[in-house]
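First comes the structure, then the notes that go with it.
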Amino acid sequence: MGRRHRRRRSTSIASVIPDIVHVASRLPWWGAFLTGIIAYFLIAILLGGYIEGHIASQAESKFYVIIEARFGRLVHVCNWVGIAGFLVGVFFAIRNYFVLSRATSNEKGIVTFLSKLVSRSVD
């Protein structure tokens with residue numbers, strides 16, 4: 001009996017993007033578009049805003065510089081992931097409007113990679 005190797009899933013916030021791709025690829029065009037908008041709203045605006053509020057509440061702390069450096073990076077990553085989720089939603093909205101067949105795993109992988117790449121330059 002051979003061993004089965006499982007690919008370890010990442011626990012970072014960026015691991016949300018393949019999940020958004022999977023969900024948006026299976027929905028009709030309007031569902032994919034709403035998925036992109038909701039992903040942007042939840043990740044970039046709500047989560048990023050919550051973290052920025054936490055940074056602002058620690059302004060009087062003697063560890064403020066450390067908190068701002070650490071959480072400031074997390075706010076930037078949340079914004080990047082939110083933009084990537086929105087781009088995924090827009091792509092699958094357009095694709096699912098014109099193409100009726102389901103997306104293949106290769107296509108999903110390419111969309112995941114390109115959305116991460118493009119959203120870094122948009123951010």
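In the structure tokens, each chain is lettered A, B, ... as it comes, each chain's residues begin at 1, and ligands are numbered from 1 in order of appearance.
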How close does segment 26-74 of chain A get to segment 95-99 of chain A? List, as JSON lines, each residue of segment 26-74 of chain A within 9 Å, its nearest atom pair and the distance in Å to one decimal, counting only C-alpha atoms.
```
{"residue": "A:Arg26", "atom": "CA", "partner": "A:Asn96", "partner_atom": "CA", "distance": 8.7}
{"residue": "A:Leu27", "atom": "CA", "partner": "A:Asn96", "partner_atom": "CA", "distance": 7.8}
{"residue": "A:Pro28", "atom": "CA", "partner": "A:Asn96", "partner_atom": "CA", "distance": 6.1}
{"residue": "A:Trp29", "atom": "CA", "partner": "A:Asn96", "partner_atom": "CA", "distance": 5.0}
{"residue": "A:Trp30", "atom": "CA", "partner": "A:Tyr97", "partner_atom": "CA", "distance": 8.4}
{"residue": "A:Ala32", "atom": "CA", "partner": "A:Asn96", "partner_atom": "CA", "distance": 8.1}
```
Requested write-out: N, CA and C atoms of the selected residues, as a PDB file, in the first residue's frame:
```pdb
ATOM      1  N   ARG A  26     -19.335  28.118  -9.711  1.00  0.00           N
ATOM      2  CA  ARG A  26     -20.513  27.254  -9.757  1.00  0.00           C
ATOM      3  C   ARG A  26     -21.833  28.023  -9.782  1.00  0.00           C
ATOM      4  N   LEU A  27     -21.784  29.332  -9.629  1.00  0.00           N
ATOM      5  CA  LEU A  27     -22.997  30.134  -9.552  1.00  0.00           C
ATOM      6  C   LEU A  27     -23.351  30.728 -10.906  1.00  0.00           C
ATOM      7  N   PRO A  28     -24.593  31.162 -11.088  1.00  0.00           N
ATOM      8  CA  PRO A  28     -24.923  31.919 -12.298  1.00  0.00           C
ATOM      9  C   PRO A  28     -24.197  33.264 -12.283  1.00  0.00           C
ATOM     10  N   TRP A  29     -24.293  33.983 -13.369  1.00  0.00           N
ATOM     11  CA  TRP A  29     -23.499  35.204 -13.497  1.00  0.00           C
ATOM     12  C   TRP A  29     -23.792  36.212 -12.397  1.00  0.00           C
ATOM     13  N   TRP A  30     -25.049  36.375 -12.049  1.00  0.00           N
ATOM     14  CA  TRP A  30     -25.394  37.359 -11.029  1.00  0.00           C
ATOM     15  C   TRP A  30     -24.943  36.899  -9.639  1.00  0.00           C
ATOM     16  N   ALA A  32     -22.240  35.035  -9.097  1.00  0.00           N
ATOM     17  CA  ALA A  32     -20.792  35.223  -9.073  1.00  0.00           C
ATOM     18  C   ALA A  32     -20.438  36.686  -8.822  1.00  0.00           C
TER      19      ALA A  32
END
```
Contacts of Gly49 of chain A within 10 Å, only C-alpha atoms, excl. fewer than 5 positions in-chain, as a tab-separated table (two decimals) with N, CA, C and O atoms, in the first residue's frame:
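Saved result, part_16.tsv, follows:
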```tsv
chain	number	residue	atom	x	y	z
A	42	LEU	N	-16.81	42.11	2.88
A	42	LEU	CA	-16.49	41.43	4.14
A	42	LEU	C	-15.00	41.48	4.47
A	42	LEU	O	-14.63	41.73	5.62
A	43	ILE	N	-14.17	41.24	3.48
A	43	ILE	CA	-12.73	41.11	3.77
A	43	ILE	C	-12.05	42.47	3.81
A	43	ILE	O	-11.37	42.81	4.79
A	44	ALA	N	-12.21	43.27	2.76
A	44	ALA	CA	-11.46	44.52	2.68
A	44	ALA	C	-12.06	45.60	3.57
A	44	ALA	O	-11.33	46.30	4.27
A	54	HIS	N	-8.93	48.73	15.69
A	54	HIS	CA	-8.14	48.17	16.79
A	54	HIS	C	-6.80	48.89	16.90
A	54	HIS	O	-6.33	49.16	18.02
A	55	ILE	N	-6.19	49.21	15.77
A	55	ILE	CA	-4.92	49.96	15.79
A	55	ILE	C	-5.14	51.33	16.39
A	55	ILE	O	-4.36	51.80	17.23
A	75	VAL	N	-3.83	44.77	7.50
A	75	VAL	CA	-4.83	45.60	6.81
A	75	VAL	C	-4.53	45.63	5.31
A	75	VAL	O	-5.45	45.51	4.48
A	78	CYS	N	-5.54	42.27	3.84
A	78	CYS	CA	-7.00	42.16	3.75
A	78	CYS	C	-7.52	42.96	2.55
A	78	CYS	O	-8.43	42.49	1.84
A	79	ASN	N	-6.98	44.12	2.33
A	79	ASN	CA	-7.38	44.92	1.16
A	79	ASN	C	-7.03	44.19	-0.14
A	79	ASN	O	-7.84	44.15	-1.07
```
Which of A:Gly82, A:Val21, A:Ile66, A:Gly31 sits closest to Leu46 of chain A [using only C-alpha atoms]: A:Gly82
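Considering only C-alpha atoms, the residue among A:Gly89, A:Leu100, A:Gln58, A:Ser119 positioned nearest to Ala24 of chain A is A:Gly89.
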field: All alpha helix (DSSP H) residues (DSSP, backbone) inside segment 3-56 of chain A, as JSON, numbers by chain
entry: {"A": [16, 17, 18, 19, 20, 21, 22, 23, 24, 25, 26, 29, 30, 31, 32, 33, 34, 35, 36, 37, 38, 39, 48, 49, 50, 51, 52, 53, 54, 55, 56]}
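As for atom CA of Phe71 of chain A and atom CA of Ser12 of chain A, they are spaced 14.0 Å apart.
The spacing separating atom CA of Ile20 of chain A from atom CA of Val88 of chain A amounts to 7.4 Å.
With only C-alpha atoms as the atoms that count, the residue of A:Leu74, A:Val65, A:Val81, A:Val90 with the shortest distance to Pro18 of chain A is A:Val81.
Coordinates place atom CA of Ser101 of chain A at a distance of 14.1 Å from atom CA of His22 of chain A.
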field: Minimum-distance residue to Ala103 of chain A, chosen among A:Phe86, A:Phe91, A:Trp80, A:Tyr64 (using only C-alpha atoms)
entry: A:Phe91
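Take the candidates A:Val111, A:Ala93, A:Ile67, A:Leu117 and check each one against Glu52 of chain A using only C-alpha atoms; the shortest distance goes to A:Ile67.
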